[in-house]
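Novice: You'll find run_21.cif just under this line, and it carries mmCIF, C-alpha atoms.
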```cif
data_coords
#
loop_
_atom_site.group_PDB
_atom_site.id
_atom_site.type_symbol
_atom_site.label_atom_id
_atom_site.label_comp_id
_atom_site.auth_asym_id
_atom_site.auth_seq_id
_atom_site.Cartn_x
_atom_site.Cartn_y
_atom_site.Cartn_z
ATOM 1 C CA MET G 292 3.729 -0.574 1.142
ATOM 2 C CA ILE G 293 2.098 -3.217 3.324
ATOM 3 C CA ALA G 294 -1.269 -1.512 3.027
ATOM 4 C CA TYR G 295 -0.974 -1.516 -0.770
ATOM 5 C CA LEU G 296 0.078 -5.157 -0.845
ATOM 6 C CA VAL G 297 -2.638 -6.433 1.467
ATOM 7 C CA GLY G 298 -5.302 -4.148 0.030
ATOM 8 C CA GLY G 299 -4.394 -4.987 -3.556
ATOM 9 C CA THR G 300 -4.371 -8.706 -2.792
ATOM 10 C CA THR G 301 -7.755 -8.493 -1.079
ATOM 11 C CA ILE G 302 -9.281 -6.528 -3.941
ATOM 12 C CA PHE G 303 -7.827 -8.868 -6.574
ATOM 13 C CA THR G 304 -8.854 -12.097 -4.846
ATOM 14 C CA SER G 305 -12.313 -10.748 -4.001
ATOM 15 C CA PHE G 306 -12.887 -9.538 -7.556
ATOM 16 C CA PHE G 307 -12.022 -12.952 -8.996
ATOM 17 C CA ASN G 308 -13.698 -14.813 -6.083
ATOM 18 C CA ILE G 309 -10.488 -16.639 -5.117
ATOM 19 C CA GLN G 310 -10.938 -18.549 -1.857
ATOM 20 C CA SER G 311 -7.657 -20.491 -1.714
ATOM 21 C CA PHE G 312 -5.222 -19.613 1.067
ATOM 22 C CA TRP G 313 -2.181 -20.490 -1.066
ATOM 23 C CA ILE G 314 -3.328 -18.617 -4.165
ATOM 24 C CA ASP G 315 -3.978 -15.594 -1.942
ATOM 25 C CA LYS G 316 -0.373 -15.745 -0.703
ATOM 26 C CA LEU G 317 0.899 -16.239 -4.254
ATOM 27 C CA VAL G 318 -0.970 -13.110 -5.396
ATOM 28 C CA LEU G 319 0.543 -11.240 -2.424
ATOM 29 C CA LEU G 320 4.046 -12.305 -3.454
ATOM 30 C CA ILE G 321 3.426 -11.338 -7.094
ATOM 31 C CA PHE G 322 2.219 -7.891 -6.001
ATOM 32 C CA PHE G 323 5.246 -7.621 -3.699
ATOM 33 C CA PHE G 324 7.721 -8.266 -6.503
ATOM 34 C CA ILE G 325 5.907 -5.990 -8.976
ATOM 35 C CA LEU G 326 5.584 -3.077 -6.548
ATOM 36 C CA SER G 327 9.097 -3.513 -5.176
ATOM 37 C CA GLY G 328 10.475 -3.583 -8.704
ATOM 38 C CA LEU G 329 8.603 -0.418 -9.590
ATOM 39 C CA CYS G 330 9.734 1.332 -6.426
ATOM 40 C CA ILE G 331 13.351 0.261 -6.725
ATOM 41 C CA ASN G 332 13.967 0.459 -10.473
ATOM 42 C CA GLY G 333 10.966 2.038 -12.100
ATOM 43 C CA ILE G 334 10.597 5.403 -10.414
ATOM 44 C CA GLU G 335 11.378 7.171 -13.702
ATOM 45 C CA LEU G 336 8.406 5.404 -15.292
ATOM 46 C CA VAL G 337 6.186 6.457 -12.394
ATOM 47 C CA ASN G 338 7.385 10.061 -12.715
ATOM 48 C CA LYS G 339 6.634 10.088 -16.444
ATOM 49 C CA CYS G 340 3.125 8.758 -15.883
ATOM 50 C CA ASN G 341 2.433 10.744 -12.709
ATOM 51 C CA VAL G 342 -0.073 13.140 -14.293
ATOM 52 C CA PHE G 343 -2.088 10.264 -15.690
ATOM 53 C CA LEU G 344 -1.908 8.340 -12.408
ATOM 54 C CA VAL G 345 -3.085 11.337 -10.380
ATOM 55 C CA PHE G 346 -5.966 11.876 -12.831
ATOM 56 C CA ILE G 347 -7.007 8.216 -12.448
ATOM 57 C CA LEU G 348 -6.678 8.548 -8.674
ATOM 58 C CA TRP G 349 -9.042 11.544 -8.605
ATOM 59 C CA ILE G 350 -11.582 9.784 -10.835
ATOM 60 C CA ALA G 351 -11.462 6.689 -8.598
ATOM 61 C CA PHE G 352 -11.826 8.857 -5.488
ATOM 62 C CA ILE G 353 -14.889 10.628 -6.904
ATOM 63 C CA ILE G 354 -16.454 7.290 -7.864
ATOM 64 C CA LEU G 355 -15.711 5.937 -4.384
ATOM 65 C CA ILE G 356 -17.437 8.908 -2.771
ATOM 66 C CA ILE G 357 -20.465 8.647 -5.059
ATOM 67 C CA ILE G 358 -20.854 4.907 -4.458
ATOM 68 C CA GLY G 359 -19.951 5.007 -0.766
ATOM 69 C CA ILE G 360 -22.294 7.828 0.230
ATOM 70 C CA TYR G 361 -25.200 5.389 0.161
ATOM 71 C CA TYR G 362 -23.523 3.100 2.711
ATOM 72 C CA VAL G 363 -22.641 5.735 5.319
ATOM 73 C CA ASN G 364 -24.626 5.323 8.503
ATOM 74 C CA PRO G 365 -24.017 8.218 10.933
ATOM 75 C CA ALA G 366 -25.244 6.034 13.798
ATOM 76 C CA HIS G 367 -21.972 4.064 13.544
ATOM 77 C CA PHE G 368 -19.722 7.125 14.032
ATOM 78 C CA PRO G 369 -19.633 7.135 17.851
ATOM 79 C CA TYR G 370 -18.702 3.411 18.047
ATOM 80 C CA THR G 371 -15.266 2.676 19.451
ATOM 81 C CA ASN G 372 -13.541 -0.561 20.364
ATOM 82 C CA MET G 373 -10.312 0.226 22.166
ATOM 83 C CA SER G 374 -9.440 -3.458 22.579
ATOM 84 C CA ILE G 375 -8.237 -3.654 18.962
ATOM 85 C CA ILE G 376 -5.685 -0.841 19.304
ATOM 86 C CA PRO G 377 -2.830 -3.263 20.161
ATOM 87 C CA LEU G 378 -3.573 -5.145 16.939
ATOM 88 C CA ALA G 379 -3.611 -1.988 14.809
ATOM 89 C CA ALA G 380 -0.731 -0.139 16.486
ATOM 90 C CA PRO G 381 2.156 -1.907 14.665
ATOM 91 C CA VAL G 382 0.613 -1.186 11.276
ATOM 92 C CA ILE G 383 -0.134 2.422 12.137
ATOM 93 C CA LEU G 384 3.287 3.116 13.628
ATOM 94 C CA THR G 385 5.308 1.443 10.901
ATOM 95 C CA SER G 386 3.331 3.033 8.079
ATOM 96 C CA PHE G 387 3.870 6.531 9.438
ATOM 97 C CA ASN G 388 7.511 5.847 10.225
ATOM 98 C CA PHE G 389 8.320 4.251 6.871
ATOM 99 C CA HIS G 390 7.001 7.224 4.887
ATOM 100 C CA ASN G 391 8.881 9.698 7.055
ATOM 101 C CA ILE G 392 12.137 7.767 7.196
ATOM 102 C CA ILE G 393 12.826 7.586 3.449
ATOM 103 C CA PRO G 394 14.129 11.195 3.183
ATOM 104 C CA ASN G 395 16.379 10.511 6.190
ATOM 105 C CA ILE G 396 17.703 7.329 4.604
ATOM 106 C CA CYS G 397 18.458 9.239 1.406
ATOM 107 C CA PHE G 398 20.179 12.078 3.250
ATOM 108 C CA ASN G 399 22.189 9.851 5.609
ATOM 109 C CA SER G 400 23.332 7.598 2.780
ATOM 110 C CA GLY G 401 24.602 10.595 0.840
ATOM 111 C CA TRP G 402 21.949 9.990 -1.840
ATOM 112 C CA ASN G 403 23.641 6.703 -2.709
ATOM 113 C CA LYS G 404 21.040 4.885 -4.788
ATOM 114 C CA LYS G 405 22.442 1.427 -3.949
ATOM 115 C CA LEU G 406 22.223 2.021 -0.193
ATOM 116 C CA VAL G 407 18.760 3.554 -0.415
ATOM 117 C CA THR G 408 17.548 0.664 -2.583
ATOM 118 C CA LYS G 409 19.007 -1.862 -0.157
ATOM 119 C CA ALA G 410 17.427 -0.150 2.867
ATOM 120 C CA MET G 411 14.011 0.060 1.178
ATOM 121 C CA PHE G 412 14.193 -3.567 0.066
ATOM 122 C CA ILE G 413 15.110 -4.767 3.575
ATOM 123 C CA ALA G 414 12.293 -2.666 5.062
ATOM 124 C CA ARG G 415 9.813 -4.246 2.636
ATOM 125 C CA ILE G 416 11.049 -7.742 3.432
ATOM 126 C CA ILE G 417 10.646 -7.080 7.155
ATOM 127 C CA GLY G 418 7.116 -5.808 6.521
ATOM 128 C CA LEU G 419 6.294 -8.817 4.376
ATOM 129 C CA ILE G 420 7.383 -11.188 7.139
#
```
Any chance you could put this one into structure tokens?
Specialist:
Amino acid sequence: MIAYLVGGTTIFTSFFNIQSFWIDKLVLLIFFFILSGLCINGIELVNKCNVFLVFILWIAFIILIIIGIYYVNPAHFPYTNMSIIPLAAPVILTSFNFHNIIPNICFNSGWNKKLVTKAMFIARIIGLI
């Protein structure tokens, strides 16, 4: 969720050339509430539109590949900078854990929608902080 929030905010503010620190945070909060609302209450809507969303995803992926192929420089592939691993590790570990933990939360809560919703909301708040 954090990757979607930060990535979406960056794309939105870059597209509209927004340079304000506070507006950037406001956009992040707006995306947070929209995405959290969809995840918590609107999953039925997402399921109904899933075919369309996957189609759009594939089209966007193909466009990304076509546009990005011109910017790939194989000389950059062997570059590594291990000093940034401590900065990236929390994001990497929490993103993998969060996706894997949701089925466990559902199972351990006895598929109680209120408990699952509460756990997901708290996890998003922690990530937002």
Novice: What is the atom CA of Phe346 of chain G to atom CA of Ile302 of chain G distance in Å?
Specialist: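 Going from atom CA of Phe346 of chain G over to atom CA of Ile302 of chain G covers 20.7 Å.
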Novice: Which residue gives the smallest distance to Phe322 of chain G among G:Val382, G:Leu296, G:Leu336, G:Leu344, with all atoms listed in the file counted?
Specialist: G:Leu296
Novice: Mind pulling up the distance from atom CA of Leu320 of chain G to atom CA of Gly299 of chain G?
Specialist: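 About the pair atom CA of Gly299 of chain G and atom CA of Leu320 of chain G: they are 11.2 Å apart.
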Novice: Take the point (15.4, -1.2, -9.8) in the file's coordinates, draw a sphere of radius 12 Å around it, and report as a VMD selection string every protein, DNA or RNA residue with an atom inside or on it, counting all atoms listed in the file.
Specialist: chain G and resid 324 to 336 404 to 405 407 to 409 411 to 412
Novice: Evaluate the PyMOL selection byres ((chain G and resi 315) around 10) here and jot the selected residues down as an mmCIF file with C-alpha atoms, keeping the file's coordinate frame.
Specialist:
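result-v5.cif was written with the following content:
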```cif
data_model
loop_
_atom_site.group_PDB
_atom_site.id
_atom_site.type_symbol
_atom_site.label_atom_id
_atom_site.label_comp_id
_atom_site.auth_asym_id
_atom_site.auth_seq_id
_atom_site.Cartn_x
_atom_site.Cartn_y
_atom_site.Cartn_z
ATOM 1 C CA VAL G 297 -2.638 -6.433 1.467
ATOM 2 C CA THR G 300 -4.371 -8.706 -2.792
ATOM 3 C CA THR G 301 -7.755 -8.493 -1.079
ATOM 4 C CA PHE G 303 -7.827 -8.868 -6.574
ATOM 5 C CA THR G 304 -8.854 -12.097 -4.846
ATOM 6 C CA SER G 305 -12.313 -10.748 -4.001
ATOM 7 C CA ILE G 309 -10.488 -16.639 -5.117
ATOM 8 C CA GLN G 310 -10.938 -18.549 -1.857
ATOM 9 C CA SER G 311 -7.657 -20.491 -1.714
ATOM 10 C CA PHE G 312 -5.222 -19.613 1.067
ATOM 11 C CA TRP G 313 -2.181 -20.490 -1.066
ATOM 12 C CA ILE G 314 -3.328 -18.617 -4.165
ATOM 13 C CA LYS G 316 -0.373 -15.745 -0.703
ATOM 14 C CA LEU G 317 0.899 -16.239 -4.254
ATOM 15 C CA VAL G 318 -0.970 -13.110 -5.396
ATOM 16 C CA LEU G 319 0.543 -11.240 -2.424
ATOM 17 C CA LEU G 320 4.046 -12.305 -3.454
ATOM 18 C CA ILE G 321 3.426 -11.338 -7.094
#
```
Novice: Kindly give the distance, in Å, that separates atom CA of Ile393 of chain G and atom CA of Ile375 of chain G, rounded to a single decimal.
Specialist: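 So the two atoms, atom CA of Ile393 of chain G and atom CA of Ile375 of chain G, lie 28.5 Å apart.
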Novice: Between G:Ile383, G:Ile376, G:Ile353, G:Ala410, which residue has the minimum interatomic distance to Asn395 of chain G, considering only C-alpha atoms?
Specialist: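 Going through G:Ile383, G:Ile376, G:Ile353, G:Ala410 one by one, the smallest distance to Asn395 of chain G is for G:Ala410.
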